[in-house]
Amino acid sequence: MMGMKKISRYAVLLLVMALVVQVPGISLAAKGAASAKASGDGVLHYDVVVIGSELQGVLLAKSARDQGLNVLILDPRSKPGGELIQGQMIVLDEPNDNKGRSLVQGALKPLYADYKAGNVRKLASFEKFYQNLIQGIPLKSGITIESVKTQGEGSNKTVKSLTYKNRLGNPFTVEAEYWVENTDFNALTGKLGESRIPGMESIYDGQKPDYMAATYMLNFKNVNWSKLHQAVLEDYPLTNVRKKYGANTYVDWNFAAGFSNITYNYKPQDKLFMLRGLNATYQKDGDVVINALLVYDVDPSDPKSVENAVSKAKKEAPYILTFMQKNIPGFEKAKLGELPEYLYIRDYNRYETKYVLDYPDLMSSRMFWDNVTIGGYAVDLQATRAVTKGIGYGKPDRYGIPLRSFMLKSYDNVLVAGKNVGATIKAYGSARIVPTTALAGQTIGIILGRELKQGRRLDELTQADFKRIHQYLEKDYKIVVSK
């Protein structure tokens, strides 16, 4: 049952909404996005505060704002965009079911269509896409969380307020109905005392927390992609290609993968790095972006650790260029392009959610009554120092991920987005793929907006509610997550 405090709060909210709707020329969405509510002590109150600017949480923020909620993004990083923009992780992986049907839905569907068609390949196009998402949403970069105020105990806790300092060191306190962890280093959830979900160490019974390596994206210019494509064609059949270049080697006119028999022979200048098999996208005009340089021992919660890794990666890049020029067809005259100032952090701490997705859920194609997204990517765990070449655990068919896997276990108003999804390490190997968690972010934002208007909180939603929710997601947004 909803408590009296919550009833009164939303009774007032509904009254305000009713009055807004009657005012000519002012839409509910416009009014909801205009400003936060100030309490008597000057503390601003929002419906949703998102911590971090990764794509998945931004989609949640935009969807909630489009539904008329007051939304704020507080980003601990100095610039917005996370792995997609600052890390330049613009090699897009796509989840498919076992019939080869794409599982990309929602806001990312047109982006993926343009990507595959070759219309969106370069960073500027992704920046434009991202800027359109955050347009009109208050976003403050370079903040530092000073303290978090909670109430309740056990499994019935609530985050009431958060105090942060801006980049000038000035303190501010905000309140929210819902908080969203959307960073790659648990800026919020790391302060809430929840139990960590075991990571890569559980694969080999390690005693200390272990994480998949980060990646430093590499950009090349003046690549002869036609020569690369032709060289591989000449080595067909595919069995011979893979014997020569390594498992999963493949090249078409747009994408290339594999070549691990070559790349594993690269001897890095710094033990921080390993050059794994290529995952490359041809961006046209001789430009190529590659996801291949793994970076060990990065602590994303420590800015100095990130800065050190980026600095060393920039020094390593010319040596990789020379290696590629000598060993990969089509790269003989290649040059380095502009290099990123940030990393792609693929794995860090995840904390227990109300339901922790597990490997058997994936492999049995389980669907949940409170599904908010559909996955289907292969279970892909990248390397650590202990698991030197990574490991795979098969390819699931389509499976669901419930809302409960995005709700922090002991809190009624803390959500997690993106790579913070509640999943065991094997399940995370598939669920971590951006389109899967991005769809969850968008869906949760829609649900928040539509259900809060009716005074219904997420932890009160029933199976009957989700039958209705799944119907309007399909009818109004063409998002199908129930099957």
# chains A, B, ... in the order shown; residues from 1 in each chain; ligands from 1
>>> closest_atom_pairs(of="stretch 303-410 of chain A", to="stretch 182-192 of chain A", cutoff="9 Å", atoms="only C-alpha atoms", output="JSON lines")
{"residue": "A:Ile345", "atom": "CA", "partner": "A:Asp184", "partner_atom": "CA", "distance": 6.6}
{"residue": "A:Arg346", "atom": "CA", "partner": "A:Asp184", "partner_atom": "CA", "distance": 8.0}
{"residue": "A:Asp347", "atom": "CA", "partner": "A:Asp184", "partner_atom": "CA", "distance": 7.8}
{"residue": "A:Tyr348", "atom": "CA", "partner": "A:Phe185", "partner_atom": "CA", "distance": 6.4}
{"residue": "A:Asn349", "atom": "CA", "partner": "A:Asn186", "partner_atom": "CA", "distance": 7.0}
{"residue": "A:Arg350", "atom": "CA", "partner": "A:Asn186", "partner_atom": "CA", "distance": 7.8}
{"residue": "A:Tyr351", "atom": "CA", "partner": "A:Thr189", "partner_atom": "CA", "distance": 7.4}
{"residue": "A:Leu408", "atom": "CA", "partner": "A:Thr189", "partner_atom": "CA", "distance": 8.2}
>>> select_by_dssp(residues="stretch 88-200 of chain A", states="strand (DSSP E or B)", output="count of residues only")
34
>>> closest_atom_pairs(of="stretch 117-141 of chain A", to="stretch 280-293 of chain A", cutoff="12 Å", atoms="only C-alpha atoms", output="tab-separated table")
residue	atom	partner	partner_atom	distance
A:Ala117	CA	A:Gln283	CA	11.0
A:Gly118	CA	A:Gln283	CA	7.4
A:Asn119	CA	A:Gln283	CA	9.1
A:Val120	CA	A:Gln283	CA	8.3
A:Arg121	CA	A:Gln283	CA	5.1
A:Lys122	CA	A:Gln283	CA	6.1
A:Leu123	CA	A:Gln283	CA	9.5
A:Ala124	CA	A:Gln283	CA	11.5
A:Ser125	CA	A:Gln283	CA	11.1
>>> atom_distance(atom1="atom CA of A:Val159", atom2="atom CA of A:Asp47")
12.7 Å
>>> select_by_dssp(residues="stretch 195-375 of chain A", states="alpha helix (DSSP H)", output="count of residues only")
51
>>> residues_around(residues="stretch 229-234 of chain A", least_positions_apart="6", cutoff="8 Å", atoms="only C-alpha atoms", output="short mmCIF file (atom, residue, chain, number, x, y, z; two decimals) with N, CA, C and O atoms, in the first residue's frame")
data_model
loop_
_atom_site.label_atom_id
_atom_site.label_comp_id
_atom_site.auth_asym_id
_atom_site.auth_seq_id
_atom_site.Cartn_x
_atom_site.Cartn_y
_atom_site.Cartn_z
N VAL A 241 40.81 -18.87 -44.25
CA VAL A 241 40.94 -17.51 -43.70
C VAL A 241 41.16 -17.57 -42.20
O VAL A 241 42.05 -16.92 -41.65
N TYR A 250 36.72 -11.91 -40.36
CA TYR A 250 35.70 -11.60 -41.36
C TYR A 250 35.91 -10.18 -41.84
O TYR A 250 36.22 -9.28 -41.05
N VAL A 251 35.72 -9.95 -43.13
CA VAL A 251 35.79 -8.60 -43.69
C VAL A 251 34.74 -8.45 -44.78
O VAL A 251 34.59 -9.33 -45.64
N ASP A 252 33.96 -7.35 -44.73
CA ASP A 252 33.12 -6.98 -45.86
C ASP A 252 33.43 -5.53 -46.21
O ASP A 252 34.48 -5.01 -45.81
N TRP A 253 32.55 -4.86 -46.91
CA TRP A 253 32.86 -3.50 -47.35
C TRP A 253 32.71 -2.46 -46.24
O TRP A 253 33.05 -1.29 -46.43
N PRO A 329 46.99 -6.12 -44.17
CA PRO A 329 46.83 -5.60 -45.54
C PRO A 329 45.96 -4.35 -45.56
O PRO A 329 44.95 -4.26 -44.84
#
>>> residues_around(residues="A:Leu343", least_positions_apart="6", cutoff="9 Å", atoms="only C-alpha atoms", output="PyMOL selection string")
chain A and resi 82-83+86-89+214-217+295+306+309-310
>>> write_last_selection(atoms="N, CA and C atoms", output="PDB file, in the first residue's frame")
ATOM      1  N   GLY A  82      30.223  10.225 -22.029  1.00  0.00           N
ATOM      2  CA  GLY A  82      30.685   8.907 -21.602  1.00  0.00           C
ATOM      3  C   GLY A  82      31.442   8.150 -22.678  1.00  0.00           C
ATOM      4  N   GLU A  83      31.239   6.835 -22.700  1.00  0.00           N
ATOM      5  CA  GLU A  83      32.006   5.985 -23.609  1.00  0.00           C
ATOM      6  C   GLU A  83      31.702   6.300 -25.071  1.00  0.00           C
ATOM      7  N   GLN A  86      33.012  10.736 -25.406  1.00  0.00           N
ATOM      8  CA  GLN A  86      34.354  11.002 -24.896  1.00  0.00           C
ATOM      9  C   GLN A  86      35.292   9.820 -25.134  1.00  0.00           C
ATOM     10  N   GLY A  87      34.774   8.598 -24.989  1.00  0.00           N
ATOM     11  CA  GLY A  87      35.585   7.413 -25.241  1.00  0.00           C
ATOM     12  C   GLY A  87      35.623   7.014 -26.705  1.00  0.00           C
ATOM     13  N   GLN A  88      34.785   7.647 -27.528  1.00  0.00           N
ATOM     14  CA  GLN A  88      34.706   7.391 -28.969  1.00  0.00           C
ATOM     15  C   GLN A  88      34.465   5.914 -29.290  1.00  0.00           C
ATOM     16  N   MET A  89      33.678   5.262 -28.459  1.00  0.00           N
ATOM     17  CA  MET A  89      33.320   3.863 -28.697  1.00  0.00           C
ATOM     18  C   MET A  89      32.142   3.849 -29.678  1.00  0.00           C
ATOM     19  N   ALA A 214      39.474  -2.446 -19.866  1.00  0.00           N
ATOM     20  CA  ALA A 214      38.909  -1.321 -20.602  1.00  0.00           C
ATOM     21  C   ALA A 214      39.474  -1.337 -22.015  1.00  0.00           C
ATOM     22  N   THR A 215      39.021  -0.404 -22.843  1.00  0.00           N
ATOM     23  CA  THR A 215      39.546  -0.277 -24.209  1.00  0.00           C
ATOM     24  C   THR A 215      39.879   1.185 -24.502  1.00  0.00           C
ATOM     25  N   TYR A 216      40.986   1.361 -25.209  1.00  0.00           N
ATOM     26  CA  TYR A 216      41.303   2.675 -25.774  1.00  0.00           C
ATOM     27  C   TYR A 216      41.068   2.577 -27.267  1.00  0.00           C
ATOM     28  N   MET A 217      40.115   3.363 -27.761  1.00  0.00           N
ATOM     29  CA  MET A 217      39.763   3.312 -29.173  1.00  0.00           C
ATOM     30  C   MET A 217      40.869   3.937 -30.026  1.00  0.00           C
ATOM     31  N   VAL A 295      43.086  -2.322 -22.095  1.00  0.00           N
ATOM     32  CA  VAL A 295      43.841  -1.594 -21.072  1.00  0.00           C
ATOM     33  C   VAL A 295      43.542  -2.228 -19.717  1.00  0.00           C
ATOM     34  N   VAL A 306      42.593   6.935 -14.711  1.00  0.00           N
ATOM     35  CA  VAL A 306      42.091   7.089 -16.074  1.00  0.00           C
ATOM     36  C   VAL A 306      43.050   7.955 -16.894  1.00  0.00           C
ATOM     37  N   ALA A 309      46.180   6.039 -17.836  1.00  0.00           N
ATOM     38  CA  ALA A 309      45.937   5.060 -18.895  1.00  0.00           C
ATOM     39  C   ALA A 309      45.828   5.736 -20.258  1.00  0.00           C
ATOM     40  N   VAL A 310      45.114   6.854 -20.321  1.00  0.00           N
ATOM     41  CA  VAL A 310      44.955   7.567 -21.589  1.00  0.00           C
ATOM     42  C   VAL A 310      46.302   8.090 -22.073  1.00  0.00           C
TER      43      VAL A 310
END
>>> atom_distance(atom1="atom CA of A:Lys128", atom2="atom CA of A:Gln67")
22.6 Å
>>> residues_around(residues="A:Gly449", least_positions_apart="6", cutoff="8 Å", atoms="only C-alpha atoms", output="mmCIF file with all heavy atoms, in the first residue's frame")
data_model
loop_
_atom_site.group_PDB
_atom_site.id
_atom_site.type_symbol
_atom_site.label_atom_id
_atom_site.label_comp_id
_atom_site.auth_asym_id
_atom_site.auth_seq_id
_atom_site.Cartn_x
_atom_site.Cartn_y
_atom_site.Cartn_z
ATOM 1 N N SER A 63 13.290 10.297 -22.007
ATOM 2 C CA SER A 63 11.950 9.707 -22.026
ATOM 3 C C SER A 63 11.108 10.232 -20.872
ATOM 4 O O SER A 63 9.919 10.533 -21.045
ATOM 5 C CB SER A 63 12.039 8.183 -21.962
ATOM 6 O OG SER A 63 12.667 7.674 -23.116
ATOM 7 N N ALA A 64 11.716 10.338 -19.689
ATOM 8 C CA ALA A 64 10.988 10.866 -18.534
ATOM 9 C C ALA A 64 10.609 12.329 -18.752
ATOM 10 O O ALA A 64 9.495 12.756 -18.443
ATOM 11 C CB ALA A 64 11.831 10.709 -17.274
ATOM 12 N N ARG A 65 11.532 13.096 -19.290
ATOM 13 C CA ARG A 65 11.260 14.507 -19.557
ATOM 14 C C ARG A 65 10.162 14.664 -20.600
ATOM 15 O O ARG A 65 9.286 15.527 -20.483
ATOM 16 C CB ARG A 65 12.531 15.206 -20.028
ATOM 17 C CG ARG A 65 12.347 16.702 -20.306
ATOM 18 C CD ARG A 65 13.638 17.302 -20.844
ATOM 19 N NE ARG A 65 13.481 18.729 -21.094
ATOM 20 C CZ ARG A 65 12.946 19.251 -22.200
ATOM 21 N NH1 ARG A 65 12.511 18.453 -23.152
ATOM 22 N NH2 ARG A 65 12.841 20.560 -22.363
ATOM 23 N N GLN A 67 7.739 12.869 -20.988
ATOM 24 C CA GLN A 67 6.472 12.579 -20.326
ATOM 25 C C GLN A 67 6.070 13.668 -19.333
ATOM 26 O O GLN A 67 5.056 13.543 -18.648
ATOM 27 C CB GLN A 67 6.559 11.223 -19.611
ATOM 28 C CG GLN A 67 6.734 10.038 -20.531
ATOM 29 C CD GLN A 67 5.557 9.848 -21.470
ATOM 30 O OE1 GLN A 67 4.412 10.072 -21.095
ATOM 31 N NE2 GLN A 67 5.841 9.449 -22.698
ATOM 32 N N GLY A 68 6.870 14.724 -19.239
ATOM 33 C CA GLY A 68 6.496 15.848 -18.395
ATOM 34 C C GLY A 68 7.144 15.894 -17.035
ATOM 35 O O GLY A 68 6.789 16.728 -16.203
ATOM 36 N N LEU A 69 8.118 15.023 -16.774
ATOM 37 C CA LEU A 69 8.770 15.025 -15.475
ATOM 38 C C LEU A 69 9.923 16.029 -15.439
ATOM 39 O O LEU A 69 10.545 16.320 -16.461
ATOM 40 C CB LEU A 69 9.305 13.632 -15.145
ATOM 41 C CG LEU A 69 8.284 12.498 -15.060
ATOM 42 C CD1 LEU A 69 8.938 11.228 -14.547
ATOM 43 C CD2 LEU A 69 7.092 12.866 -14.177
#
>>> atom_distance(atom1="atom CA of A:Arg196", atom2="atom CA of A:Glu352")
6.2 Å
>>> residues_around(residues="A:Ala61", least_positions_apart="2", cutoff="12 Å", atoms="only C-alpha atoms", output="PyMOL selection string")
chain A and resi 33+46-59+63-74+133-139+178-182+415+417+438+440-449
>>> closest_residue(among="A:Glu338, A:Leu238, A:Phe129, A:Val91", to="A:Leu278", atoms="only C-alpha atoms")
A:Val91
>>> decode(residues="stretch 415-439 of chain A", atoms="N, CA, C and O atoms", output="compact mmCIF listing (two decimals), in the first residue's frame")
# COMPACT_ATOMS: atom_id res chain seq x y z
N LEU A 415 17.47 3.61 -9.18
CA LEU A 415 17.55 2.82 -10.39
C LEU A 415 18.98 2.77 -10.87
O LEU A 415 19.77 3.66 -10.57
N VAL A 416 19.31 1.74 -11.63
CA VAL A 416 20.64 1.64 -12.23
C VAL A 416 20.47 1.55 -13.74
O VAL A 416 19.52 0.96 -14.24
N ALA A 417 21.39 2.15 -14.47
CA ALA A 417 21.31 2.18 -15.92
C ALA A 417 22.56 1.60 -16.54
O ALA A 417 23.63 1.55 -15.92
N GLY A 418 22.44 1.16 -17.79
CA GLY A 418 23.59 0.73 -18.55
C GLY A 418 24.34 -0.42 -17.92
O GLY A 418 23.78 -1.43 -17.51
N LYS A 419 25.66 -0.24 -17.81
CA LYS A 419 26.53 -1.31 -17.33
C LYS A 419 26.39 -1.56 -15.83
O LYS A 419 27.05 -2.44 -15.28
N ASN A 420 25.50 -0.84 -15.17
CA ASN A 420 25.21 -1.08 -13.76
C ASN A 420 24.09 -2.11 -13.57
O ASN A 420 23.70 -2.38 -12.43
N VAL A 421 23.58 -2.67 -14.65
CA VAL A 421 22.49 -3.64 -14.59
C VAL A 421 22.83 -4.76 -13.60
O VAL A 421 23.97 -5.23 -13.52
N GLY A 422 21.83 -5.21 -12.87
CA GLY A 422 22.02 -6.29 -11.91
C GLY A 422 22.08 -7.63 -12.62
O GLY A 422 21.05 -8.18 -13.02
N ALA A 423 23.29 -8.16 -12.79
CA ALA A 423 23.47 -9.42 -13.51
C ALA A 423 24.73 -10.10 -13.01
O ALA A 423 25.72 -9.43 -12.72
N THR A 424 24.69 -11.42 -12.92
CA THR A 424 25.90 -12.16 -12.62
C THR A 424 26.88 -11.95 -13.76
O THR A 424 26.51 -11.52 -14.85
N ILE A 425 28.14 -12.29 -13.54
CA ILE A 425 29.15 -11.95 -14.53
C ILE A 425 28.89 -12.64 -15.87
O ILE A 425 29.07 -12.04 -16.94
N LYS A 426 28.43 -13.88 -15.86
CA LYS A 426 28.14 -14.55 -17.13
C LYS A 426 26.98 -13.88 -17.84
O LYS A 426 27.02 -13.64 -19.05
N ALA A 427 25.92 -13.58 -17.11
CA ALA A 427 24.78 -12.90 -17.72
C ALA A 427 25.17 -11.52 -18.21
O ALA A 427 24.72 -11.07 -19.27
N TYR A 428 26.04 -10.87 -17.47
CA TYR A 428 26.50 -9.53 -17.85
C TYR A 428 27.25 -9.56 -19.18
O TYR A 428 27.20 -8.58 -19.95
N GLY A 429 27.91 -10.68 -19.47
CA GLY A 429 28.64 -10.80 -20.72
C GLY A 429 27.78 -10.56 -21.94
O GLY A 429 28.28 -10.15 -23.00
N SER A 430 26.48 -10.79 -21.83
CA SER A 430 25.54 -10.52 -22.91
C SER A 430 24.72 -9.27 -22.65
O SER A 430 24.55 -8.43 -23.53
N ALA A 431 24.22 -9.13 -21.43
CA ALA A 431 23.30 -8.02 -21.10
C ALA A 431 23.97 -6.66 -21.20
O ALA A 431 23.28 -5.64 -21.34
N ARG A 432 25.29 -6.59 -21.13
CA ARG A 432 26.01 -5.33 -21.11
C ARG A 432 25.96 -4.57 -22.43
O ARG A 432 26.27 -3.37 -22.47
N ILE A 433 25.56 -5.21 -23.52
CA ILE A 433 25.60 -4.59 -24.84
C ILE A 433 24.68 -3.37 -24.87
O ILE A 433 23.53 -3.42 -24.41
N VAL A 434 25.18 -2.27 -25.41
CA VAL A 434 24.49 -0.97 -25.33
C VAL A 434 23.04 -1.01 -25.79
O VAL A 434 22.17 -0.49 -25.09
N PRO A 435 22.69 -1.58 -26.96
CA PRO A 435 21.28 -1.52 -27.36
C PRO A 435 20.33 -2.18 -26.37
O PRO A 435 19.18 -1.77 -26.24
N THR A 436 20.82 -3.20 -25.66
CA THR A 436 19.98 -3.90 -24.69
C THR A 436 19.69 -3.02 -23.48
O THR A 436 18.53 -2.85 -23.08
N THR A 437 20.72 -2.42 -22.91
CA THR A 437 20.49 -1.57 -21.73
C THR A 437 19.95 -0.20 -22.11
O THR A 437 19.28 0.45 -21.30
N ALA A 438 20.23 0.25 -23.34
CA ALA A 438 19.67 1.53 -23.79
C ALA A 438 18.16 1.43 -23.93
O ALA A 438 17.42 2.36 -23.56
N LEU A 439 17.68 0.30 -24.46
CA LEU A 439 16.23 0.11 -24.56
C LEU A 439 15.60 0.09 -23.18
O LEU A 439 14.52 0.67 -22.98
